[in-house]
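Structure file model33.pdb; described as PDB, C-alpha atoms.
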```pdb
ATOM      1  CA  MET V 988       0.000   0.000   0.000
ATOM      2  CA  ARG V 989       2.767   2.429   0.875
ATOM      3  CA  PRO V 990       4.602   2.433  -2.524
ATOM      4  CA  VAL V 991       1.305   2.939  -4.373
ATOM      5  CA  ALA V 992       0.462   5.845  -2.098
ATOM      6  CA  ASP V 993       3.909   7.369  -2.631
ATOM      7  CA  LEU V 994       3.521   6.967  -6.392
ATOM      8  CA  LEU V 995       0.099   8.663  -6.383
ATOM      9  CA  ILE V 996       1.278  11.542  -4.198
ATOM     10  CA  GLY V 997       4.394  11.999  -6.329
ATOM     11  CA  ALA V 998       2.377  12.072  -9.555
ATOM     12  CA  GLY V 999      -0.036  14.575  -7.993
ATOM     13  CA  ILE V1000       2.798  16.844  -6.870
ATOM     14  CA  LEU V1001       4.289  16.648 -10.382
ATOM     15  CA  LEU V1002       0.945  17.730 -11.867
ATOM     16  CA  LEU V1003       0.662  20.548  -9.322
ATOM     17  CA  ALA V1004       4.180  21.737 -10.210
ATOM     18  CA  ILE V1005       3.426  21.659 -13.945
ATOM     19  CA  GLY V1006       0.162  23.552 -13.388
ATOM     20  CA  GLY V1007       2.031  26.076 -11.279
ATOM     21  CA  LEU V1008       4.527  26.521 -14.109
ATOM     22  CA  GLY V1009       1.606  27.265 -16.416
ATOM     23  CA  PHE V1010       0.592  30.001 -13.982
ATOM     24  CA  ILE V1011       3.691  32.030 -14.803
ATOM     25  CA  ARG V1012       4.528  30.899 -18.343
ATOM     26  CA  PHE V1013       1.244  31.175 -20.242
ATOM     27  CA  ARG V1014       0.480  34.317 -22.180
ATOM     28  CA  ASP V1015      -2.998  35.559 -21.260
ATOM     29  CA  SER V1016      -5.483  35.193 -18.439
ATOM     30  CA  TYR V1017      -7.657  32.531 -20.076
ATOM     31  CA  SER V1018      -4.681  30.257 -20.822
ATOM     32  CA  ARG V1019      -3.538  30.640 -17.237
ATOM     33  CA  LEU V1020      -7.028  29.726 -16.019
ATOM     34  CA  GLN V1021      -6.854  26.594 -18.162
ATOM     35  CA  ALA V1022      -3.536  25.608 -16.566
ATOM     36  CA  ALA V1023      -4.931  26.346 -13.120
ATOM     37  CA  GLY V1024      -8.129  24.358 -13.602
ATOM     38  CA  VAL V1025      -6.735  21.229 -15.222
ATOM     39  CA  GLY V1026      -3.422  20.948 -13.371
ATOM     40  CA  ASP V1027      -4.763  21.808  -9.941
ATOM     41  CA  LEU V1028      -7.781  19.514 -10.092
ATOM     42  CA  GLY V1029      -5.853  16.446 -11.327
ATOM     43  CA  GLY V1030      -2.964  16.998  -8.954
ATOM     44  CA  ALA V1031      -5.222  17.611  -5.971
ATOM     45  CA  LEU V1032      -7.282  14.468  -6.612
ATOM     46  CA  LEU V1033      -4.126  12.337  -6.982
ATOM     47  CA  VAL V1034      -2.650  13.716  -3.757
ATOM     48  CA  VAL V1035      -5.922  13.127  -1.870
ATOM     49  CA  ALA V1036      -6.124   9.549  -3.203
ATOM     50  CA  GLY V1037      -2.537   8.856  -2.131
ATOM     51  CA  ALA V1038      -3.193  10.307   1.315
ATOM     52  CA  ALA V1039      -6.325   8.131   1.627
ATOM     53  CA  LEU V1040      -4.200   5.059   0.911
ATOM     54  CA  ARG V1041      -1.858   6.073   3.729
ATOM     55  CA  ALA V1042      -4.661   6.673   6.255
ATOM     56  CA  SER V1043      -4.814   4.272   9.171
ATOM     57  CA  ARG V1044      -8.387   4.762  10.393
ATOM     58  CA  ALA V1045     -11.667   4.503   8.526
ATOM     59  CA  TRP V1046     -12.999   7.961   9.353
ATOM     60  CA  GLU V1047      -9.815   9.539   7.993
ATOM     61  CA  VAL V1048     -10.537   7.854   4.660
ATOM     62  CA  GLY V1049     -14.089   9.205   4.857
ATOM     63  CA  ILE V1050     -12.954  12.784   5.463
ATOM     64  CA  LEU V1051     -10.391  12.518   2.642
ATOM     65  CA  GLY V1052     -13.157  11.232   0.361
ATOM     66  CA  LEU V1053     -15.268  14.248   1.315
ATOM     67  CA  LEU V1054     -12.304  16.534   0.588
ATOM     68  CA  GLY V1055     -11.782  14.879  -2.807
ATOM     69  CA  LEU V1056     -15.448  15.237  -3.709
ATOM     70  CA  LEU V1057     -15.422  18.870  -2.587
ATOM     71  CA  LEU V1058     -12.368  19.644  -4.726
ATOM     72  CA  LEU V1059     -13.820  17.710  -7.659
ATOM     73  CA  PHE V1060     -17.055  19.688  -7.668
ATOM     74  CA  THR V1061     -15.860  23.142  -6.591
ATOM     75  CA  GLY V1062     -12.688  23.466  -8.698
ATOM     76  CA  PRO V1063     -14.431  23.705 -12.094
ATOM     77  CA  VAL V1064     -17.123  25.974 -10.618
ATOM     78  CA  ALA V1065     -14.525  28.436  -9.317
ATOM     79  CA  THR V1066     -12.586  28.386 -12.609
ATOM     80  CA  HIS V1067     -15.808  28.914 -14.542
ATOM     81  CA  ALA V1068     -16.869  31.810 -12.303
ATOM     82  CA  ILE V1069     -13.519  33.558 -12.790
ATOM     83  CA  ALA V1070     -13.534  33.027 -16.580
ATOM     84  CA  LYS V1071     -17.159  34.163 -16.854
ATOM     85  CA  GLY V1072     -16.428  37.308 -14.900
ATOM     86  CA  ALA V1073     -13.406  38.090 -17.069
ATOM     87  CA  PHE V1074     -15.440  37.483 -20.222
ATOM     88  CA  LEU V1075     -18.404  39.589 -19.114
ATOM     89  CA  ARG V1076     -16.080  42.447 -18.226
ATOM     90  CA  ARG V1077     -14.805  42.319 -21.834
ATOM     91  CA  HIS V1078     -11.326  41.330 -20.756
ATOM     92  CA  ALA V1079      -9.662  40.689 -24.118
ATOM     93  CA  PRO V1080      -7.104  37.929 -24.648
ATOM     94  CA  ARG V1081      -3.605  39.118 -25.480
ATOM     95  CA  GLY V1082      -3.235  40.208 -29.087
ATOM     96  CA  GLU V1083      -6.975  40.663 -29.682
ATOM     97  CA  ARG V1084      -7.440  44.034 -28.100
TER      98      ARG V1084
ATOM     99  CA  MET G 595      11.706  11.807   4.703
ATOM    100  CA  ASN G 596       9.357  13.479   7.131
ATOM    101  CA  GLY G 597       7.363  16.259   5.548
ATOM    102  CA  ILE G 598       9.056  16.238   2.152
ATOM    103  CA  TYR G 599       5.711  16.046   0.333
ATOM    104  CA  GLN G 600       4.423  19.054   2.220
ATOM    105  CA  GLY G 601       7.565  20.978   1.332
ATOM    106  CA  LEU G 602       7.245  20.097  -2.348
ATOM    107  CA  ILE G 603       3.611  21.232  -2.432
ATOM    108  CA  ILE G 604       4.570  24.498  -0.726
ATOM    109  CA  ALA G 605       7.274  24.932  -3.383
ATOM    110  CA  SER G 606       4.658  24.374  -6.092
ATOM    111  CA  ALA G 607       2.534  27.114  -4.466
ATOM    112  CA  VAL G 608       5.158  29.756  -5.293
ATOM    113  CA  PRO G 609       4.036  30.411  -8.933
ATOM    114  CA  PRO G 610       0.352  30.925  -7.995
ATOM    115  CA  PHE G 611       1.480  33.211  -5.206
ATOM    116  CA  LEU G 612       3.583  35.221  -7.666
ATOM    117  CA  ARG G 613       0.509  35.445  -9.907
ATOM    118  CA  LEU G 614      -1.532  36.621  -6.908
ATOM    119  CA  TRP G 615       1.090  39.201  -6.020
ATOM    120  CA  ARG G 616       2.162  40.587  -9.395
ATOM    121  CA  GLY G 617      -0.812  39.592 -11.567
ATOM    122  CA  PRO G 618      -1.484  42.192 -14.242
ATOM    123  CA  ASN G 619      -5.244  42.220 -13.685
ATOM    124  CA  PHE G 620      -7.885  41.308 -11.140
ATOM    125  CA  TRP G 621      -8.778  37.929 -12.689
ATOM    126  CA  ASP G 622      -5.204  36.695 -12.541
ATOM    127  CA  ARG G 623      -5.107  37.589  -8.872
ATOM    128  CA  VAL G 624      -8.296  35.637  -8.126
ATOM    129  CA  ALA G 625      -6.979  32.610 -10.052
ATOM    130  CA  GLY G 626      -3.689  32.796  -8.129
ATOM    131  CA  ALA G 627      -5.545  32.969  -4.813
ATOM    132  CA  ASN G 628      -7.551  29.889  -5.831
ATOM    133  CA  GLY G 629      -4.356  27.970  -6.662
ATOM    134  CA  VAL G 630      -2.738  28.904  -3.347
ATOM    135  CA  ASN G 631      -5.913  27.847  -1.484
ATOM    136  CA  VAL G 632      -5.988  24.406  -3.113
ATOM    137  CA  ARG G 633      -2.326  23.799  -2.298
ATOM    138  CA  VAL G 634      -2.706  24.919   1.330
ATOM    139  CA  ALA G 635      -5.679  22.573   1.778
ATOM    140  CA  LEU G 636      -3.596  19.702   0.359
ATOM    141  CA  VAL G 637      -0.690  20.500   2.699
ATOM    142  CA  LEU G 638      -3.090  20.464   5.652
ATOM    143  CA  ALA G 639      -4.556  17.099   4.588
ATOM    144  CA  LEU G 640      -1.112  15.524   4.087
ATOM    145  CA  GLU G 641       0.105  16.854   7.439
ATOM    146  CA  GLY G 642      -3.003  15.400   9.064
ATOM    147  CA  ILE G 643      -2.342  11.951   7.585
ATOM    148  CA  ALA G 644       1.446  11.645   7.527
ATOM    149  CA  GLY G 645       2.157  13.824  10.550
ATOM    150  CA  GLY G 646      -0.384  12.104  12.760
ATOM    151  CA  LYS G 647      -2.332  15.286  13.532
ATOM    152  CA  ALA G 648      -5.783  14.049  12.577
ATOM    153  CA  VAL G 649      -7.523  17.314  13.540
ATOM    154  CA  LEU G 650      -5.934  18.965  10.515
ATOM    155  CA  LEU G 651      -8.122  16.874   8.206
ATOM    156  CA  ASP G 652     -11.212  18.738   9.371
ATOM    157  CA  VAL G 653      -9.299  22.002   9.091
ATOM    158  CA  ALA G 654      -8.384  21.130   5.487
ATOM    159  CA  LEU G 655     -12.034  20.445   4.653
ATOM    160  CA  GLY G 656     -13.179  23.782   6.082
ATOM    161  CA  TYR G 657     -10.310  25.629   4.458
ATOM    162  CA  ALA G 658     -11.093  24.204   1.011
ATOM    163  CA  LEU G 659     -14.766  25.159   1.403
ATOM    164  CA  LEU G 660     -13.983  28.730   2.510
ATOM    165  CA  GLY G 661     -11.387  29.142  -0.239
ATOM    166  CA  PHE G 662     -13.940  28.120  -2.866
ATOM    167  CA  LEU G 663     -16.506  30.538  -1.437
ATOM    168  CA  GLY G 664     -13.943  33.334  -1.454
ATOM    169  CA  ALA G 665     -12.966  32.710  -5.090
ATOM    170  CA  VAL G 666     -16.574  32.638  -6.289
ATOM    171  CA  LEU G 667     -17.495  35.740  -4.273
ATOM    172  CA  LEU G 668     -14.508  37.660  -5.642
ATOM    173  CA  ALA G 669     -15.374  36.595  -9.194
ATOM    174  CA  ARG G 670     -18.994  37.726  -8.803
ATOM    175  CA  PHE G 671     -17.837  40.969  -7.176
ATOM    176  CA  GLY G 672     -15.489  41.768 -10.051
ATOM    177  CA  GLU G 673     -18.138  40.812 -12.583
ATOM    178  CA  ARG G 674     -20.349  43.664 -11.426
ATOM    179  CA  GLY G 675     -17.561  46.135 -12.047
ATOM    180  CA  GLU G 676     -16.965  47.610  -8.599
ATOM    181  CA  ARG G 677     -13.231  47.123  -8.558
TER     182      ARG G 677
END
```

Before anything else, please render the file you have as structure tokens.
Amino acid sequence: MRPVADLLIGAGILLLAIGGLGFIRFRDSYSRLQAAGVGDLGGALLVVAGAALRASRAWEVGILGLLGLLLLFTGPVATHAIAKGAFLRRHAPRGER
Amino acid sequence: MNGIYQGLIIASAVPPFLRLWRGPNFWDRVAGANGVNVRVALVLALEGIAGGKAVLLDVALGYALLGFLGAVLLARFGERGER
């Protein structure tokens, strides 16, 4: 169980690092939101799954499952709210001003 | 080996924090705040599991919920144009 958990947590941290790189390297706000949404959600779910494999008691697994479900359902909603606000405020992508 | 995952996640929270700090516009700042919130919640959950402090799991759950509410409220606030 422990090597699988380490593998999952490592893969999640790699995804989080790549998504964080997209935060500073991408060109306009919408591309950065894409990096934030995809990278953060995948990395967070992998890290939570790895932590659930390392948990020793049943209720810890339950709380980690709740945390994973919360991240799974709220991450896209937050990204969508930010992108919708930027779009409605006529925030133009770079080069299309 | 103790706490190396937490340290790596904190290191991966540096680019969102830079985006929150320097971000050229309001939407980049909100997205950076969201990224930092997700990573802090993950650090709390990992510390609760690997560090044996099980209370931090509940703290991580509440922190993730409040971070989501803050991001959505900021997005709606900026959408109405009162920046």

Contacts between chain G and chain V, please, where a residue of chain V counts if it comes within 8 Å (with all atoms listed in the file); show its shortest atom pair and distance in Å to one decimal, rows by chain and ascending number, as JSON lines.
```
{"residue": "V:Ile996", "atom": "CA", "partner": "G:Tyr599", "partner_atom": "CA", "distance": 7.8}
{"residue": "V:Gly997", "atom": "CA", "partner": "G:Tyr599", "partner_atom": "CA", "distance": 7.9}
{"residue": "V:Ile1000", "atom": "CA", "partner": "G:Ile603", "partner_atom": "CA", "distance": 6.3}
{"residue": "V:Leu1003", "atom": "CA", "partner": "G:Ser606", "partner_atom": "CA", "distance": 6.4}
{"residue": "V:Ala1004", "atom": "CA", "partner": "G:Ser606", "partner_atom": "CA", "distance": 4.9}
{"residue": "V:Gly1007", "atom": "CA", "partner": "G:Pro609", "partner_atom": "CA", "distance": 5.3}
{"residue": "V:Leu1008", "atom": "CA", "partner": "G:Pro609", "partner_atom": "CA", "distance": 6.5}
{"residue": "V:Phe1010", "atom": "CA", "partner": "G:Pro610", "partner_atom": "CA", "distance": 6.1}
{"residue": "V:Ile1011", "atom": "CA", "partner": "G:Pro609", "partner_atom": "CA", "distance": 6.1}
{"residue": "V:Ser1016", "atom": "CA", "partner": "G:Asp622", "partner_atom": "CA", "distance": 6.1}
{"residue": "V:Arg1019", "atom": "CA", "partner": "G:Asp622", "partner_atom": "CA", "distance": 7.8}
{"residue": "V:Leu1020", "atom": "CA", "partner": "G:Ala625", "partner_atom": "CA", "distance": 6.6}
{"residue": "V:Ala1023", "atom": "CA", "partner": "G:Gly629", "partner_atom": "CA", "distance": 6.7}
{"residue": "V:Asp1027", "atom": "CA", "partner": "G:Gly629", "partner_atom": "CA", "distance": 7.0}
{"residue": "V:Ala1031", "atom": "CA", "partner": "G:Leu636", "partner_atom": "CA", "distance": 6.9}
{"residue": "V:Val1034", "atom": "CA", "partner": "G:Leu636", "partner_atom": "CA", "distance": 7.3}
{"residue": "V:Val1035", "atom": "CA", "partner": "G:Leu636", "partner_atom": "CA", "distance": 7.3}
{"residue": "V:Ala1038", "atom": "CA", "partner": "G:Leu640", "partner_atom": "CA", "distance": 6.3}
{"residue": "V:Arg1041", "atom": "CA", "partner": "G:Ile643", "partner_atom": "CA", "distance": 7.0}
{"residue": "V:Ala1042", "atom": "CA", "partner": "G:Ile643", "partner_atom": "CA", "distance": 5.9}
{"residue": "V:Glu1047", "atom": "CA", "partner": "G:Leu651", "partner_atom": "CA", "distance": 7.5}
{"residue": "V:Ile1050", "atom": "CA", "partner": "G:Leu651", "partner_atom": "CA", "distance": 6.9}
{"residue": "V:Leu1051", "atom": "CA", "partner": "G:Leu651", "partner_atom": "CA", "distance": 7.4}
{"residue": "V:Leu1053", "atom": "CA", "partner": "G:Leu655", "partner_atom": "CA", "distance": 7.7}
{"residue": "V:Leu1054", "atom": "CA", "partner": "G:Leu655", "partner_atom": "CA", "distance": 5.6}
{"residue": "V:Leu1057", "atom": "CA", "partner": "G:Leu659", "partner_atom": "CA", "distance": 7.5}
{"residue": "V:Leu1058", "atom": "CA", "partner": "G:Ala658", "partner_atom": "CA", "distance": 7.4}
{"residue": "V:Thr1061", "atom": "CA", "partner": "G:Phe662", "partner_atom": "CA", "distance": 6.5}
{"residue": "V:Gly1062", "atom": "CA", "partner": "G:Phe662", "partner_atom": "CA", "distance": 7.6}
{"residue": "V:Val1064", "atom": "CA", "partner": "G:Val666", "partner_atom": "CA", "distance": 8.0}
{"residue": "V:Ala1065", "atom": "CA", "partner": "G:Val666", "partner_atom": "CA", "distance": 5.6}
{"residue": "V:Thr1066", "atom": "CA", "partner": "G:Ala625", "partner_atom": "CA", "distance": 7.5}
{"residue": "V:Ala1068", "atom": "CA", "partner": "G:Ala669", "partner_atom": "CA", "distance": 5.9}
{"residue": "V:Ile1069", "atom": "CA", "partner": "G:Ala669", "partner_atom": "CA", "distance": 5.1}
{"residue": "V:Ala1070", "atom": "CA", "partner": "G:Trp621", "partner_atom": "CA", "distance": 7.9}
{"residue": "V:Lys1071", "atom": "CA", "partner": "G:Glu673", "partner_atom": "CA", "distance": 8.0}
{"residue": "V:Gly1072", "atom": "CA", "partner": "G:Glu673", "partner_atom": "CA", "distance": 4.5}
{"residue": "V:Ala1073", "atom": "CA", "partner": "G:Trp621", "partner_atom": "CA", "distance": 6.4}
{"residue": "V:Leu1075", "atom": "CA", "partner": "G:Glu673", "partner_atom": "CA", "distance": 6.6}
{"residue": "V:Arg1076", "atom": "CA", "partner": "G:Glu673", "partner_atom": "CA", "distance": 6.2}
```

CA of Ile1005 (chain V) to CA of Ile598 (chain G), straight-line distance in Å: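 Atom-to-atom, CA of Ile598 (chain G) and CA of Ile1005 (chain V) are spaced 17.9 Å apart.
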
Selected by the PyMOL selection byres ((chain V and resi 995) around 10) in the shown coordinates: which residues, as a list of chain:residue names?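 Matching residues under the PyMOL selection byres ((chain V and resi 995) around 10) are V:Arg989, V:Pro990, V:Val991, V:Ala992, V:Asp993, V:Leu994, V:Ile996, V:Gly997, V:Ala998, V:Gly999, V:Ile1000, V:Leu1001, V:Gly1030, V:Leu1032, V:Leu1033, V:Val1034, V:Val1035, V:Ala1036, V:Gly1037, V:Ala1038, V:Leu1040.
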
Could you save those same residues with C-alpha atoms as a CSV table (one decimal), keeping the file's coordinate frame?
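Generated file (part-v1.csv):
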```
chain,number,residue,atom,x,y,z
V,989,ARG,CA,2.8,2.4,0.9
V,990,PRO,CA,4.6,2.4,-2.5
V,991,VAL,CA,1.3,2.9,-4.4
V,992,ALA,CA,0.5,5.8,-2.1
V,993,ASP,CA,3.9,7.4,-2.6
V,994,LEU,CA,3.5,7.0,-6.4
V,996,ILE,CA,1.3,11.5,-4.2
V,997,GLY,CA,4.4,12.0,-6.3
V,998,ALA,CA,2.4,12.1,-9.6
V,999,GLY,CA,0.0,14.6,-8.0
V,1000,ILE,CA,2.8,16.8,-6.9
V,1001,LEU,CA,4.3,16.6,-10.4
V,1030,GLY,CA,-3.0,17.0,-9.0
V,1032,LEU,CA,-7.3,14.5,-6.6
V,1033,LEU,CA,-4.1,12.3,-7.0
V,1034,VAL,CA,-2.6,13.7,-3.8
V,1035,VAL,CA,-5.9,13.1,-1.9
V,1036,ALA,CA,-6.1,9.5,-3.2
V,1037,GLY,CA,-2.5,8.9,-2.1
V,1038,ALA,CA,-3.2,10.3,1.3
V,1040,LEU,CA,-4.2,5.1,0.9
```

What is the CA of Gly597 (chain G) to CA of Tyr657 (chain G) distance in Å?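 These two atoms are separated by 20.0 Å.
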
I'd like the interatomic distance between CA of Ala1022 (chain V) and CA of Gly1009 (chain V), to a tenth of an Å.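 Taking CA of Ala1022 (chain V) as the start and CA of Gly1009 (chain V) as the end point, the length is 5.4 Å.
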
Extending 3 Å beyond the listed atoms of region 1009-1014 of chain V on each side, what axis-aligned box results? I want centre and edge lengths in Å to one decimal, as lines of an AutoDock Vina configuration file.
```
center_x = 2.5
center_y = 30.8
center_z = -18.1
size_x = 10.0
size_y = 13.1
size_z = 14.2
```

N, CA and C atoms restored at region 621-640 of chain G, emitted as an mmCIF file, keeping the file's coordinate frame:
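Output below, filename rebuild30.cif:
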```cif
data_model
loop_
_atom_site.group_PDB
_atom_site.id
_atom_site.type_symbol
_atom_site.label_atom_id
_atom_site.label_comp_id
_atom_site.auth_asym_id
_atom_site.auth_seq_id
_atom_site.Cartn_x
_atom_site.Cartn_y
_atom_site.Cartn_z
ATOM 1 N N TRP G 621 -8.406 39.336 -12.503
ATOM 2 C CA TRP G 621 -8.778 37.929 -12.689
ATOM 3 C C TRP G 621 -7.593 37.018 -12.452
ATOM 4 N N ASP G 622 -6.395 37.485 -12.842
ATOM 5 C CA ASP G 622 -5.204 36.695 -12.541
ATOM 6 C C ASP G 622 -4.979 36.580 -11.040
ATOM 7 N N ARG G 623 -5.286 37.648 -10.331
ATOM 8 C CA ARG G 623 -5.107 37.589 -8.872
ATOM 9 C C ARG G 623 -6.080 36.596 -8.242
ATOM 10 N N VAL G 624 -7.320 36.590 -8.702
ATOM 11 C CA VAL G 624 -8.296 35.637 -8.126
ATOM 12 C C VAL G 624 -7.874 34.204 -8.443
ATOM 13 N N ALA G 625 -7.417 33.959 -9.697
ATOM 14 C CA ALA G 625 -6.979 32.610 -10.052
ATOM 15 C C ALA G 625 -5.775 32.190 -9.219
ATOM 16 N N GLY G 626 -4.841 33.118 -8.968
ATOM 17 C CA GLY G 626 -3.689 32.796 -8.129
ATOM 18 C C GLY G 626 -4.104 32.483 -6.704
ATOM 19 N N ALA G 627 -5.057 33.243 -6.165
ATOM 20 C CA ALA G 627 -5.545 32.969 -4.813
ATOM 21 C C ALA G 627 -6.186 31.589 -4.740
ATOM 22 N N ASN G 628 -6.930 31.219 -5.803
ATOM 23 C CA ASN G 628 -7.551 29.889 -5.831
ATOM 24 C C ASN G 628 -6.488 28.793 -5.821
ATOM 25 N N GLY G 629 -5.430 28.973 -6.636
ATOM 26 C CA GLY G 629 -4.356 27.970 -6.662
ATOM 27 C C GLY G 629 -3.667 27.835 -5.322
ATOM 28 N N VAL G 630 -3.384 28.965 -4.661
ATOM 29 C CA VAL G 630 -2.738 28.904 -3.347
ATOM 30 C C VAL G 630 -3.657 28.203 -2.350
ATOM 31 N N ASN G 631 -4.981 28.477 -2.420
ATOM 32 C CA ASN G 631 -5.913 27.847 -1.484
ATOM 33 C C ASN G 631 -5.935 26.334 -1.635
ATOM 34 N N VAL G 632 -5.976 25.853 -2.887
ATOM 35 C CA VAL G 632 -5.988 24.406 -3.113
ATOM 36 C C VAL G 632 -4.732 23.767 -2.539
ATOM 37 N N ARG G 633 -3.577 24.394 -2.778
ATOM 38 C CA ARG G 633 -2.326 23.799 -2.298
ATOM 39 C C ARG G 633 -2.239 23.818 -0.773
ATOM 40 N N VAL G 634 -2.727 24.876 -0.138
ATOM 41 C CA VAL G 634 -2.706 24.919 1.330
ATOM 42 C C VAL G 634 -3.609 23.829 1.911
ATOM 43 N N ALA G 635 -4.788 23.633 1.290
ATOM 44 C CA ALA G 635 -5.679 22.573 1.778
ATOM 45 C C ALA G 635 -5.009 21.207 1.639
ATOM 46 N N LEU G 636 -4.268 20.979 0.537
ATOM 47 C CA LEU G 636 -3.596 19.702 0.359
ATOM 48 C C LEU G 636 -2.477 19.518 1.382
ATOM 49 N N VAL G 637 -1.740 20.602 1.676
ATOM 50 C CA VAL G 637 -0.690 20.500 2.699
ATOM 51 C C VAL G 637 -1.298 20.153 4.046
ATOM 52 N N LEU G 638 -2.441 20.767 4.375
ATOM 53 C CA LEU G 638 -3.090 20.464 5.652
ATOM 54 C C LEU G 638 -3.521 19.006 5.703
ATOM 55 N N ALA G 639 -4.099 18.489 4.590
ATOM 56 C CA ALA G 639 -4.556 17.099 4.588
ATOM 57 C C ALA G 639 -3.376 16.137 4.724
ATOM 58 N N LEU G 640 -2.277 16.410 4.001
ATOM 59 C CA LEU G 640 -1.112 15.524 4.087
ATOM 60 C C LEU G 640 -0.492 15.559 5.477
#
```
